[in-house]
Amino acid sequence: MTTLEAPPVQTADDPPTDPKVQQREDSRALRELMRPVAPQLALGRGLAVISGVLAVVPYVALVHIGEVLLDAARAEAPVDGDEVNHWIEILIVTFTLRLAVYFVALGVTHFADIRLGHTIRLRMVERFSRVPLTWFTSTNSGRVRKSLQDDIGTIHHLIAHQPVDGTQAVVMPLALTAYAFVIDWRLGLLAIATVPLYAAAMALGMRGMAEKTVEMDAKLSVVSARMVEFVTGITVVKAFGRVGRAHSAYQEAAGDFQAFYYAWVKPLLRVSSLGTSLLAVPLVLLINIGGGAWLVHRGEVTTADVLATSLIALLVPYGIEVLMNSMWSSQMAGASARRLTDLLETPTLDDDGVRAQPEGHDVEFDHVSYSYGGPGADLALDDVSFTLREGTITALIGPSGSGKSTIATLLARFDDPFAGQIRLGGVPIAEIDHLYQHVSFVLQEPQLPSISLRDNIALGRPDATDEQIRAAARAARILDDIESLPDGFDTVYGSASGLSGGQAQRIAIARAVLVDAPVLILDEATALTDPESTHQIQQALSDLARDKTVLLVAHRPEVVEGVDQIVLVDRGRVLATGTHDDLLGEPGYARLWESVEEGEK
Ligand SMILES: Nc1ncnc2c1ncn2[C@@H]1O[C@H](COP(=O)(O)OP(=O)(O)OP(=O)(O)O)[C@@H](O)[C@H]1O
């Protein structure tokens, strides 16, 4: 059975890249990806700075209110109500203003995030419309799905929250600490007394964190890849009783990840619990209130001063915690950004902008060479030349793996050859506008998306009328089957009502009938169907092929009898071209027939 799939660009088994290099690439990818919304992020950061600085004012007000109250108590005089009210007003206004600026900043970055997500999705759609169809293996399609869902989600935190919360986490504790020093330098020192110890403990624990995160991401990818392999191959795996072996590949990857994670996290936990205890509320309060009480006792500061700096001291750890979290999410977002930029840089088919219309419908393969792994890899086609005359049927025949399907997919421009040229009506197919109005195909796998049967048939001609769609279905011998379904043409392919492989194949034929392209590629569409379907499909195909230039990929020699021309291929090369009688003397051709005769014995 033919596979029309290229090898995945990146697999779980790719050699691991140096984590440092990887991390640099991740950061570059992140900067590149964020560039379209850089001005909004800068605005978000600017507003976060304002909000962080404004956070100091309520504390200033608090200290003043405290001092007014203390002064009154000391002097045993009535409290100056106007002054207290004045500071309360300042406190409320600045607190509200700070919150308002903070939320505006978050609004700006959230809009930037939505815009960026939209831009990335549009870029993906634009890119993938130009990527060779051979690229869309199930692995690569899975990568696209995962990236669009998970990676855009991961960078959400970095775009929508980190610029604001990360900036605030730096500015607010800095501004508050500066104010604590303004109140009294000794109280300022008490407010940050445990921070250097915490920073030292965390620096110790976080050594090699960037590399470890990259490694963890790579190991997690292996676990996911093994899981996907296991799930996608489950039918075959179960049928051949290999569940244990396939499962053990997954278990091995998961075990490897677990061992790595445990070895990494165990010492980290020890250090980070020590660090966290250095910032614990009781310890911070003990130091600040204890030290502050001693200074109050000596008459060097007021109780209000101590109250304010103690509150400030409690906010410093919050800032550090937010900062640590945003460092972590930057690491994760870097890996996500790299995966997204890799996808956005997927190589596309060449397009030099030249456009022409074919004159006639002869097809020429002119010294075409191709390999699935790109130039330098094993050749799937090696210097292939032959011509399909307009209105004739040419069958490609050869042993399994000889290159028949590759020839067919190159004519459908699933990819471009790296040497030679394929021309239709004298024009290179890369230059033909709307190639699929000239070339249509019916492959072994019918390739029906999960849309209604009507839309499936009209895929190549969305403007077709219902009558034209019905006529195409009738010609493809599928009209009665569709009409007997409860939802008829509205049935969504893949839904509960289910269609057999032969019926799906006839829907693909109806689609080709509707397009009515003058060049038709048939990848022996009946190879996988039951005899009744085979008969109907053959009738439908004979009608469809009438008067067209047909390239028939023949996986069995029986189907080539009666065609106008046979091209015999082996190991990517054309061995001979001619009619059945011309080729009887060819050893390779005779061998194919011998294998059929042996099979019949
Ligand atoms: N998606 C792919 N990735 C890598 N190599 C591929 C891919 N598809 C085909 N090949 C290789 O290209 C060569 C030609 O394969 P091709 O499918 O064109 O042969 P075929 O004659 O159509 O075989 P069959 O009759 O079994 O379908 C083979 O060596 C095959 O292994």
# chains A, B, ... in the order shown; residues from 1 in each chain; ligands from 1
$ residues_near_ligand --ligand "ligand 1" --cutoff "9 Å" --atoms "only C-alpha atoms and all ligand atoms" --output "ChimeraX atom specification"
/A:1-8,134-135,137,370-373,378-381,396-409,523,553-556,569-572
$ residues_around --residues "region 217-223 of chain A" --least-positions-apart "3" --cutoff "6 Å" --atoms "only C-alpha atoms" --output "VMD selection string"
chain A and resid 12 214 226 253 to 254 257
$ write_last_selection --atoms "C-alpha atoms" --output "tab-separated table (two decimals), in the first residue's frame"
chain	number	residue	atom	x	y	z
A	12	ALA	CA	11.31	12.29	19.35
A	214	VAL	CA	15.10	22.54	27.88
A	226	ARG	CA	5.58	7.51	22.41
A	253	ALA	CA	10.09	7.10	28.09
A	254	ALA	CA	7.85	7.91	31.06
A	257	PHE	CA	11.31	11.37	32.45
$ select_by_dssp --residues "region 35-230 of chain A" --states "alpha helix (DSSP H)" --output "ChimeraX atom specification"
/A:38-54,56-75,81-128,138-146,152-156,167-183,185-191,195-205,209-230
$ closest_residue --among "A:Thr387, A:Gln168, A:Glu445, A:Val368" --to "Gln421 (chain A)" --atoms "only C-alpha atoms"
A:Val368
$ closest_residue --among "A:Arg115, A:Arg339, A:Arg389, A:Arg423" --to "Gln357 (chain A)" --atoms "only C-alpha atoms"
A:Arg423
$ residues_around --residues "region 189-205 of chain A" --least-positions-apart "5" --cutoff "6 Å" --atoms "only C-alpha atoms" --output "PyMOL selection string"
chain A and resi 268+271+275+278+288+313
$ write_last_selection --atoms "N, CA and C atoms" --output "tab-separated table (two decimals), in the first residue's frame"
chain	number	residue	atom	x	y	z
A	268	LEU	N	16.35	20.51	44.52
A	268	LEU	CA	15.72	21.82	44.32
A	268	LEU	C	14.68	22.08	45.41
A	271	VAL	N	16.35	23.08	48.70
A	271	VAL	CA	16.82	24.47	48.69
A	271	VAL	C	15.64	25.43	48.69
A	275	GLY	N	14.62	28.37	51.17
A	275	GLY	CA	14.43	29.74	50.68
A	275	GLY	C	13.07	30.28	51.08
A	278	LEU	N	12.70	31.36	54.55
A	278	LEU	CA	13.35	32.64	54.85
A	278	LEU	C	12.42	33.83	54.57
A	288	ASN	N	10.99	42.29	61.65
A	288	ASN	CA	10.62	43.69	61.50
A	288	ASN	C	10.01	44.29	62.76
A	313	ALA	N	7.67	44.91	54.17
A	313	ALA	CA	8.49	43.69	54.22
A	313	ALA	C	7.69	42.46	53.81
$ residues_around --residues "Phe128 (chain A)" --least-positions-apart "5" --cutoff "10 Å" --atoms "only C-alpha atoms" --output "list in words"
Leu122, Arg123, Leu133, Trp135, Phe136, Val144, Leu343, Leu344, Glu345, Thr346, Pro347 and Thr348 of chain A
